[in-house]
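Colleague: Sharing a structure here in structure tokens format.
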Amino acid sequence: MTSAAGASRFLEVDDIDPSQLTMLLERAASWKAHPSEVPDLLAGHGVALVFEKPSARTRTSTEMAVFTLGGHPIYIRGEEVGFGEREPVEDVARTLASYCALIAARVFDHATLESMSGAVTVPVVNLLSDRAHPCQALADLLTLREVLGGIEGRRLAYVGDGNNVAASLAFGAALSGLELVVTSPPGFELDDDVVERARNLGGTVELVSDPYEAVRGADALYTDVWTSMGQESETEARRVAFAGYRVDAGLLAAAGQDAVVLHCLPAHRGEEITAQVLDGPRSVVWQQAENRMHAVRSLIALLLEGGA
Ligand code: CP
Ligand code: NVA
């Protein structure tokens, strides 16, 4: 196993380039179809997985990705290591890197990941921060590739909060030629710097305030929770602000005739999406959830081979 010392990290999707993304998705699809071809790249090695927030999909998919690459996943609760409290973030990172081939973490503050990756030479992977959820975006692109038969030139409408999930989608879209339109209530739009960075990568990112206008002609709709982890005190205010931004049968009918529906999950039926849509025939959320494992496994392989 080789790793590009100090050069590899995956804190946001644009830490890889378009050709690496294409290769990553192709290999994810290939290993999904032919699991016996997955190499034991991590044989004899550990991977540290630190979680400051809860997780169902991310933890389990990453553990299984490490396991099927022949490695040993080590789950560590954020409270155990106490980033910045029990000891400095950098000291935790250096310690974990001395035992493990890769560190992955779900954190409140994106700066924690920056500090970790600055302190070690093993790859650091973002398993969700306040700013980005890049492993989710990889699985989303893999899912769109499968259900739409390709990504380039397809149109995805993201309905809801311009949050971490939306930001990573913007970068993933920019690198893959997916057209992205984001519709959010006033005050909850995608950050200007995210839009600018994605456009500088050649991405087509449109911001449209009217959700019905936004979804017109879309091949896929995507939504996420109105209140992300860490924003619980804003729940009531957000319910009011986002009330017109629910993915329901009416909004789906306004999209392309065959449009599919994605959601990173967990979903709140009756808030950002109705049960009828989430559990309906055009929802691909379970395929999307399964693809978390295939996508992160391919990412880990890319990073360990020094390809990012
Ligand atoms: N989509 C996602 O990241 O799910 P978890 O929070 O359950 O990991
Ligand atoms: N935006 C959500 C995604 C959960 C997978 C959050 O950060 O809580």
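Going by the structure tokens order, chains are called A, B, ..., each with residues numbered from 1, while ligands are numbered from 1 in the order shown.
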At a cut-off of 10 Å, using only C-alpha atoms, what residues contact Val194 (chain A)? Leave out same-chain residues fewer than 6 positions from it and give the result as a PDB file with N, CA, C and O atoms, in the first residue's frame.
Modeller:
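result30.pdb, freshly written:
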```pdb
ATOM      1  N   ARG A 131     -19.744  22.445   6.769  1.00  0.00           N
ATOM      2  CA  ARG A 131     -19.639  23.028   5.423  1.00  0.00           C
ATOM      3  C   ARG A 131     -19.800  22.037   4.287  1.00  0.00           C
ATOM      4  O   ARG A 131     -20.146  22.446   3.172  1.00  0.00           O
ATOM      5  N   GLY A 162     -29.437  25.501   1.640  1.00  0.00           N
ATOM      6  CA  GLY A 162     -28.133  25.574   0.954  1.00  0.00           C
ATOM      7  C   GLY A 162     -27.020  25.175   1.916  1.00  0.00           C
ATOM      8  O   GLY A 162     -26.125  25.958   2.224  1.00  0.00           O
ATOM      9  N   ALA A 166     -25.777  20.416   0.004  1.00  0.00           N
ATOM     10  CA  ALA A 166     -25.927  21.189  -1.238  1.00  0.00           C
ATOM     11  C   ALA A 166     -24.569  21.673  -1.743  1.00  0.00           C
ATOM     12  O   ALA A 166     -24.305  21.653  -2.953  1.00  0.00           O
ATOM     13  N   ALA A 167     -23.704  22.087  -0.832  1.00  0.00           N
ATOM     14  CA  ALA A 167     -22.388  22.591  -1.236  1.00  0.00           C
ATOM     15  C   ALA A 167     -21.577  21.488  -1.911  1.00  0.00           C
ATOM     16  O   ALA A 167     -20.999  21.688  -2.987  1.00  0.00           O
ATOM     17  N   SER A 168     -21.552  20.310  -1.303  1.00  0.00           N
ATOM     18  CA  SER A 168     -20.774  19.221  -1.903  1.00  0.00           C
ATOM     19  C   SER A 168     -21.371  18.779  -3.240  1.00  0.00           C
ATOM     20  O   SER A 168     -20.639  18.417  -4.167  1.00  0.00           O
ATOM     21  N   ALA A 170     -22.765  20.794  -5.283  1.00  0.00           N
ATOM     22  CA  ALA A 170     -22.360  21.828  -6.252  1.00  0.00           C
ATOM     23  C   ALA A 170     -20.978  21.510  -6.813  1.00  0.00           C
ATOM     24  O   ALA A 170     -20.744  21.629  -8.024  1.00  0.00           O
ATOM     25  N   PHE A 171     -20.061  21.081  -5.954  1.00  0.00           N
ATOM     26  CA  PHE A 171     -18.719  20.750  -6.438  1.00  0.00           C
ATOM     27  C   PHE A 171     -18.735  19.451  -7.250  1.00  0.00           C
ATOM     28  O   PHE A 171     -18.072  19.347  -8.288  1.00  0.00           O
ATOM     29  N   ASN A 200     -16.239  28.550 -11.007  1.00  0.00           N
ATOM     30  CA  ASN A 200     -14.847  28.637 -11.472  1.00  0.00           C
ATOM     31  C   ASN A 200     -14.313  27.282 -11.922  1.00  0.00           C
ATOM     32  O   ASN A 200     -13.367  27.199 -12.696  1.00  0.00           O
ATOM     33  N   VAL A 205     -24.277  26.291 -12.013  1.00  0.00           N
ATOM     34  CA  VAL A 205     -25.059  26.338 -10.771  1.00  0.00           C
ATOM     35  C   VAL A 205     -26.013  27.523 -10.872  1.00  0.00           C
ATOM     36  O   VAL A 205     -25.575  28.660 -10.994  1.00  0.00           O
TER      37      VAL A 205
END
```
Colleague: So that I can check the surroundings of region 239-250 of chain A, please list as an MDAnalysis selection string every protein, DNA and RNA residue that reaches within 6 Å of it, counting only C-alpha atoms and ignoring chain neighbours fewer than 2 positions away.
Modeller: chainID A and resid 160 236:237 252:253 272:274
Colleague: Write the selection just made, keeping N, CA, C and O atoms, as a PDB file, in the first residue's frame?
Modeller:
```pdb
ATOM      1  N   GLY A 160     -34.295  23.125  -1.029  1.00  0.00           N
ATOM      2  CA  GLY A 160     -34.170  23.242   0.425  1.00  0.00           C
ATOM      3  C   GLY A 160     -32.961  24.035   0.861  1.00  0.00           C
ATOM      4  O   GLY A 160     -32.557  25.000   0.210  1.00  0.00           O
ATOM      5  N   GLU A 236     -37.890  25.390  14.884  1.00  0.00           N
ATOM      6  CA  GLU A 236     -39.211  25.989  14.664  1.00  0.00           C
ATOM      7  C   GLU A 236     -39.151  27.079  13.603  1.00  0.00           C
ATOM      8  O   GLU A 236     -39.999  27.150  12.710  1.00  0.00           O
ATOM      9  N   ALA A 237     -38.148  27.932  13.686  1.00  0.00           N
ATOM     10  CA  ALA A 237     -38.006  29.018  12.702  1.00  0.00           C
ATOM     11  C   ALA A 237     -37.813  28.443  11.300  1.00  0.00           C
ATOM     12  O   ALA A 237     -38.352  28.957  10.309  1.00  0.00           O
ATOM     13  N   LEU A 252     -43.136  17.297  -7.630  1.00  0.00           N
ATOM     14  CA  LEU A 252     -42.602  16.233  -8.479  1.00  0.00           C
ATOM     15  C   LEU A 252     -43.278  16.248  -9.857  1.00  0.00           C
ATOM     16  O   LEU A 252     -42.629  16.056 -10.881  1.00  0.00           O
ATOM     17  N   ALA A 253     -44.576  16.537  -9.853  1.00  0.00           N
ATOM     18  CA  ALA A 253     -45.309  16.586 -11.131  1.00  0.00           C
ATOM     19  C   ALA A 253     -44.813  17.730 -12.011  1.00  0.00           C
ATOM     20  O   ALA A 253     -44.921  17.664 -13.239  1.00  0.00           O
ATOM     21  N   GLU A 272     -39.500  18.114   4.863  1.00  0.00           N
ATOM     22  CA  GLU A 272     -38.882  18.450   3.569  1.00  0.00           C
ATOM     23  C   GLU A 272     -39.374  17.560   2.425  1.00  0.00           C
ATOM     24  O   GLU A 272     -39.178  17.901   1.249  1.00  0.00           O
ATOM     25  N   ILE A 273     -40.015  16.440   2.771  1.00  0.00           N
ATOM     26  CA  ILE A 273     -40.497  15.513   1.732  1.00  0.00           C
ATOM     27  C   ILE A 273     -41.724  14.781   2.278  1.00  0.00           C
ATOM     28  O   ILE A 273     -41.793  14.501   3.483  1.00  0.00           O
ATOM     29  N   THR A 274     -42.669  14.495   1.418  1.00  0.00           N
ATOM     30  CA  THR A 274     -43.833  13.737   1.886  1.00  0.00           C
ATOM     31  C   THR A 274     -43.509  12.242   1.850  1.00  0.00           C
ATOM     32  O   THR A 274     -42.664  11.790   1.067  1.00  0.00           O
TER      33      THR A 274
END
```
Colleague: Give me the residues near Leu148 (chain A) as a VMD selection string, where near means some atom within 12 Å (using only C-alpha atoms) and where sequence neighbours in that chain fewer than 2 positions away do not count.
Modeller: chain A and resid 140 to 146 150 to 156 178 218 to 220 258 to 261 284
Colleague: Please produce a file of those selected residues containing N, CA, C and O atoms, as a tab-separated table (two decimals), in the first residue's frame.
Modeller:
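Result went into again.tsv, see below:
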```
chain	number	residue	atom	x	y	z
A	140	ASP	N	-24.18	10.13	-4.41
A	140	ASP	CA	-25.27	10.74	-5.17
A	140	ASP	C	-24.95	10.68	-6.67
A	140	ASP	O	-25.82	10.35	-7.49
A	141	LEU	N	-23.71	11.00	-7.01
A	141	LEU	CA	-23.32	10.97	-8.42
A	141	LEU	C	-23.34	9.54	-8.96
A	141	LEU	O	-23.77	9.30	-10.09
A	142	LEU	N	-22.91	8.60	-8.12
A	142	LEU	CA	-22.94	7.20	-8.54
A	142	LEU	C	-24.39	6.77	-8.82
A	142	LEU	O	-24.69	6.08	-9.80
A	143	THR	N	-25.29	7.21	-7.97
A	143	THR	CA	-26.71	6.87	-8.12
A	143	THR	C	-27.30	7.50	-9.39
A	143	THR	O	-28.01	6.83	-10.15
A	144	LEU	N	-26.98	8.76	-9.62
A	144	LEU	CA	-27.49	9.43	-10.83
A	144	LEU	C	-26.95	8.74	-12.09
A	144	LEU	O	-27.67	8.57	-13.08
A	145	ARG	N	-25.68	8.34	-12.02
A	145	ARG	CA	-25.06	7.63	-13.15
A	145	ARG	C	-25.83	6.35	-13.46
A	145	ARG	O	-26.09	6.02	-14.61
A	146	GLU	N	-26.22	5.65	-12.40
A	146	GLU	CA	-26.95	4.40	-12.57
A	146	GLU	C	-28.37	4.63	-13.10
A	146	GLU	O	-28.81	3.96	-14.03
A	150	GLY	N	-26.11	8.21	-16.99
A	150	GLY	CA	-24.98	9.14	-17.17
A	150	GLY	C	-25.22	10.37	-16.31
A	150	GLY	O	-26.29	10.50	-15.70
A	151	ILE	N	-24.22	11.24	-16.27
A	151	ILE	CA	-24.32	12.43	-15.42
A	151	ILE	C	-24.23	13.71	-16.26
A	151	ILE	O	-25.01	14.65	-16.08
A	152	GLU	N	-23.29	13.74	-17.18
A	152	GLU	CA	-23.01	14.96	-17.93
A	152	GLU	C	-24.25	15.43	-18.69
A	152	GLU	O	-24.91	14.65	-19.38
A	153	GLY	N	-24.58	16.72	-18.48
A	153	GLY	CA	-25.72	17.30	-19.18
A	153	GLY	C	-27.07	17.00	-18.56
A	153	GLY	O	-28.09	17.54	-18.98
A	154	ARG	N	-27.10	16.13	-17.54
A	154	ARG	CA	-28.36	15.88	-16.84
A	154	ARG	C	-28.62	17.06	-15.90
A	154	ARG	O	-27.69	17.80	-15.54
A	155	ARG	N	-29.87	17.21	-15.47
A	155	ARG	CA	-30.24	18.37	-14.66
A	155	ARG	C	-30.78	17.93	-13.31
A	155	ARG	O	-31.75	17.16	-13.24
A	156	LEU	N	-30.15	18.42	-12.25
A	156	LEU	CA	-30.56	18.08	-10.88
A	156	LEU	C	-31.08	19.34	-10.19
A	156	LEU	O	-30.41	20.37	-10.20
A	178	LEU	N	-22.72	17.88	-14.43
A	178	LEU	CA	-24.14	17.84	-14.06
A	178	LEU	C	-24.63	19.28	-13.89
A	178	LEU	O	-23.97	20.09	-13.22
A	218	ALA	N	-36.20	19.12	-14.76
A	218	ALA	CA	-35.16	18.40	-14.00
A	218	ALA	C	-35.27	16.89	-14.21
A	218	ALA	O	-36.37	16.34	-14.28
A	219	ASP	N	-34.12	16.24	-14.30
A	219	ASP	CA	-34.08	14.77	-14.38
A	219	ASP	C	-34.16	14.15	-12.99
A	219	ASP	O	-34.47	12.97	-12.85
A	220	ALA	N	-33.80	14.95	-11.99
A	220	ALA	CA	-33.81	14.43	-10.62
A	220	ALA	C	-34.04	15.58	-9.64
A	220	ALA	O	-33.60	16.71	-9.88
A	258	ASP	N	-40.10	11.75	-15.98
A	258	ASP	CA	-39.46	10.57	-15.40
A	258	ASP	C	-38.50	10.93	-14.27
A	258	ASP	O	-37.64	10.12	-13.91
A	259	ALA	N	-38.63	12.15	-13.74
A	259	ALA	CA	-37.67	12.60	-12.73
A	259	ALA	C	-37.66	11.66	-11.52
A	259	ALA	O	-38.72	11.21	-11.06
A	260	VAL	N	-36.45	11.38	-11.04
A	260	VAL	CA	-36.30	10.55	-9.84
A	260	VAL	C	-36.05	11.46	-8.64
A	260	VAL	O	-35.75	12.64	-8.80
A	261	VAL	N	-36.17	10.88	-7.45
A	261	VAL	CA	-36.05	11.67	-6.23
A	261	VAL	C	-34.95	11.09	-5.34
A	261	VAL	O	-34.93	9.89	-5.06
A	284	VAL	N	-35.30	6.99	-5.25
A	284	VAL	CA	-34.16	6.06	-5.37
A	284	VAL	C	-33.29	6.12	-4.12
A	284	VAL	O	-32.10	5.83	-4.16
```
Colleague: Counting only C-alpha atoms and all ligand atoms, what are the residues, protein, DNA or RNA alike, that approach ligand 1 to within 6 Å? I want them as a list in words.
Modeller: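 Sorted by chain and then by number, the residues are Ser55, Ala56, Arg57, Thr58, Arg59, Cys264, Leu265 and Pro266 of chain A.
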Colleague: Could those residues be written to a file, using C-alpha atoms, as a PDB file, in the first residue's frame?
Modeller:
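Once written, out-v3.pdb looks like this:
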```
ATOM      1  CA  SER A  55     -24.665   8.499  11.973  1.00  0.00           C
ATOM      2  CA  ALA A  56     -26.386   5.455  10.511  1.00  0.00           C
ATOM      3  CA  ARG A  57     -25.232   5.366   6.875  1.00  0.00           C
ATOM      4  CA  THR A  58     -21.850   7.048   7.032  1.00  0.00           C
ATOM      5  CA  ARG A  59     -20.432   5.031   9.885  1.00  0.00           C
ATOM      6  CA  CYS A 264     -29.338  11.770   1.634  1.00  0.00           C
ATOM      7  CA  LEU A 265     -31.367  10.577   4.667  1.00  0.00           C
ATOM      8  CA  PRO A 266     -32.299  10.695   7.483  1.00  0.00           C
TER       9      PRO A 266
END
```
Colleague: A:Ser298, A:Asn291, A:Gln276, A:Ser117: which is nearest Ala139 (chain A), counting only C-alpha atoms?
Modeller: A:Asn291
Colleague: Neighbours of ligand 2 at 8 Å or closer, counting only C-alpha atoms and all ligand atoms: which residues, as a list in words?
Modeller: Ser55, Leu128, Ser129, Asp130, His133, Gln136, Asn163, Asn164, Val165, Asp224, Val225, Trp226, Thr227, Ser228, Met229, Gly230, Cys264, Leu265 and Pro266 of chain A
Colleague: Produce a file of the selected residues containing N, CA, C and O atoms, as a compact mmCIF listing (two decimals), in the first residue's frame.
Modeller:
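Here's the written file result-v2.txt:
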```
# COMPACT_ATOMS: atom_id res chain seq x y z
N SER A 55 -24.68 8.96 13.37
CA SER A 55 -24.67 8.50 11.97
C SER A 55 -25.23 7.09 11.88
O SER A 55 -24.94 6.25 12.72
N LEU A 128 -18.58 14.42 6.97
CA LEU A 128 -19.59 15.47 7.17
C LEU A 128 -19.05 16.50 8.16
O LEU A 128 -18.54 16.17 9.23
N SER A 129 -19.16 17.74 7.73
CA SER A 129 -18.85 18.88 8.60
C SER A 129 -19.97 19.89 8.42
O SER A 129 -20.91 19.66 7.65
N ASP A 130 -19.87 21.03 9.11
CA ASP A 130 -20.87 22.07 8.91
C ASP A 130 -20.85 22.59 7.47
O ASP A 130 -21.86 23.10 6.99
N HIS A 133 -20.32 17.68 2.79
CA HIS A 133 -20.58 16.25 2.98
C HIS A 133 -20.16 15.55 1.68
O HIS A 133 -20.98 15.01 0.93
N GLN A 136 -21.07 11.87 0.68
CA GLN A 136 -22.47 11.78 0.25
C GLN A 136 -22.60 12.13 -1.23
O GLN A 136 -23.26 11.44 -2.00
N ASN A 163 -27.07 23.94 2.36
CA ASN A 163 -26.23 23.48 3.47
C ASN A 163 -25.01 22.68 2.98
O ASN A 163 -24.62 22.76 1.82
N ASN A 164 -24.45 21.90 3.90
CA ASN A 164 -23.29 21.06 3.60
C ASN A 164 -23.53 20.11 2.43
O ASN A 164 -22.68 19.94 1.55
N VAL A 165 -24.70 19.49 2.41
CA VAL A 165 -25.02 18.53 1.34
C VAL A 165 -25.12 19.26 0.00
O VAL A 165 -24.57 18.80 -1.02
N ASP A 224 -32.92 17.64 1.43
CA ASP A 224 -32.26 17.26 2.69
C ASP A 224 -33.09 17.89 3.81
O ASP A 224 -33.95 18.74 3.57
N VAL A 225 -32.77 17.51 5.03
CA VAL A 225 -33.51 18.04 6.18
C VAL A 225 -33.45 19.57 6.22
O VAL A 225 -32.51 20.18 5.73
N TRP A 226 -34.48 20.15 6.81
CA TRP A 226 -34.50 21.62 6.97
C TRP A 226 -33.55 22.06 8.10
O TRP A 226 -33.02 23.15 8.08
N THR A 227 -33.40 21.19 9.10
CA THR A 227 -32.55 21.52 10.25
C THR A 227 -31.45 20.48 10.35
O THR A 227 -31.71 19.31 10.64
N SER A 228 -30.23 20.90 10.11
CA SER A 228 -29.10 19.97 10.17
C SER A 228 -28.65 19.76 11.61
O SER A 228 -28.98 20.55 12.51
N MET A 229 -27.85 18.71 11.78
CA MET A 229 -27.30 18.41 13.12
C MET A 229 -26.50 19.62 13.60
O MET A 229 -25.67 20.15 12.86
N GLY A 230 -26.78 20.05 14.81
CA GLY A 230 -26.10 21.22 15.37
C GLY A 230 -26.95 22.48 15.28
O GLY A 230 -26.61 23.50 15.87
N CYS A 264 -30.52 12.40 1.01
CA CYS A 264 -29.34 11.77 1.63
C CYS A 264 -29.72 10.93 2.85
O CYS A 264 -28.97 10.04 3.23
N LEU A 265 -30.88 11.23 3.45
CA LEU A 265 -31.37 10.58 4.67
C LEU A 265 -30.47 10.97 5.86
O LEU A 265 -29.28 11.21 5.63
N PRO A 266 -30.94 11.05 7.08
CA PRO A 266 -32.30 10.70 7.48
C PRO A 266 -33.34 11.69 6.95
O PRO A 266 -33.04 12.88 6.82
```
Colleague: Point out the residue among A:Arg238, A:Arg86, A:His72, A:Lys32 with the least atom-to-atom distance to Leu102 (chain A), counting only C-alpha atoms.
Modeller: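 For Leu102 (chain A), the nearest of the given residues is A:His72.
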Colleague: Pull the strand (DSSP E or B) assignments for region 134-197 of chain A out of DSSP run on the backbone, and list those residues as a ChimeraX atom specification.
Modeller: /A:155-159,179-183
Colleague: What gap, in Å, lies between CA of Arg106 (chain A) and CA of Gly44 (chain A)?
Modeller: 24.1 Å
Colleague: For region 14-31 of chain A, list every protein, DNA or RNA residue within 8 Å, evaluated using only C-alpha atoms, and leave out those in the same chain fewer than 3 positions away; present the list as an MDAnalysis selection string.
Modeller: chainID A and resid 9:11 34:38 138 141:142 171:172 175:176 294:295 297:299 302 307:308
Colleague: When you look at Thr204 (chain A) with a cut-off of 7 Å (counting only C-alpha atoms), what residues show up, excluding the ones that are within fewer than 3 positions of it in the same chain? I need them as a PyMOL selection string.
Modeller: chain A and resi 174+179-180+199
Colleague: Write a file of the just-selected residues containing C-alpha atoms, as a short mmCIF file (atom, residue, chain, number, x, y, z; two decimals), in the first residue's frame.
Modeller:
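Wrote result20.cif, looks like this:
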```cif
data_model
loop_
_atom_site.label_atom_id
_atom_site.label_comp_id
_atom_site.auth_asym_id
_atom_site.auth_seq_id
_atom_site.Cartn_x
_atom_site.Cartn_y
_atom_site.Cartn_z
CA ALA A 174 -19.17 21.05 -11.40
CA GLU A 179 -26.34 20.95 -14.29
CA LEU A 180 -27.44 22.00 -10.81
CA ARG A 199 -18.61 28.11 -11.31
#
```
Colleague: For the alpha helix (DSSP H) assignment from backbone DSSP, which residues of region 28-66 of chain A qualify? Please present them as a list in words.
Modeller: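 Of region 28-66 of chain A, the ones in alpha helix (DSSP H) are Ala28, Ala29, Ser30, Trp31, Lys32, Ala33, Arg57, Thr58, Arg59, Thr60, Ser61, Thr62, Glu63, Met64, Ala65 and Val66 of chain A.
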Colleague: What is the distance between CA of Leu251 (chain A) and CA of Gly149 (chain A), in Å to one decimal?
Modeller: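 About the pair CA of Leu251 (chain A) and CA of Gly149 (chain A): they are 23.3 Å apart.
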Colleague: Using Å and a single decimal, report how far CA of Ser61 (chain A) sits from CA of Thr112 (chain A).
Modeller: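 Straight-line distance from CA of Thr112 (chain A) to CA of Ser61 (chain A) works out to 22.2 Å.
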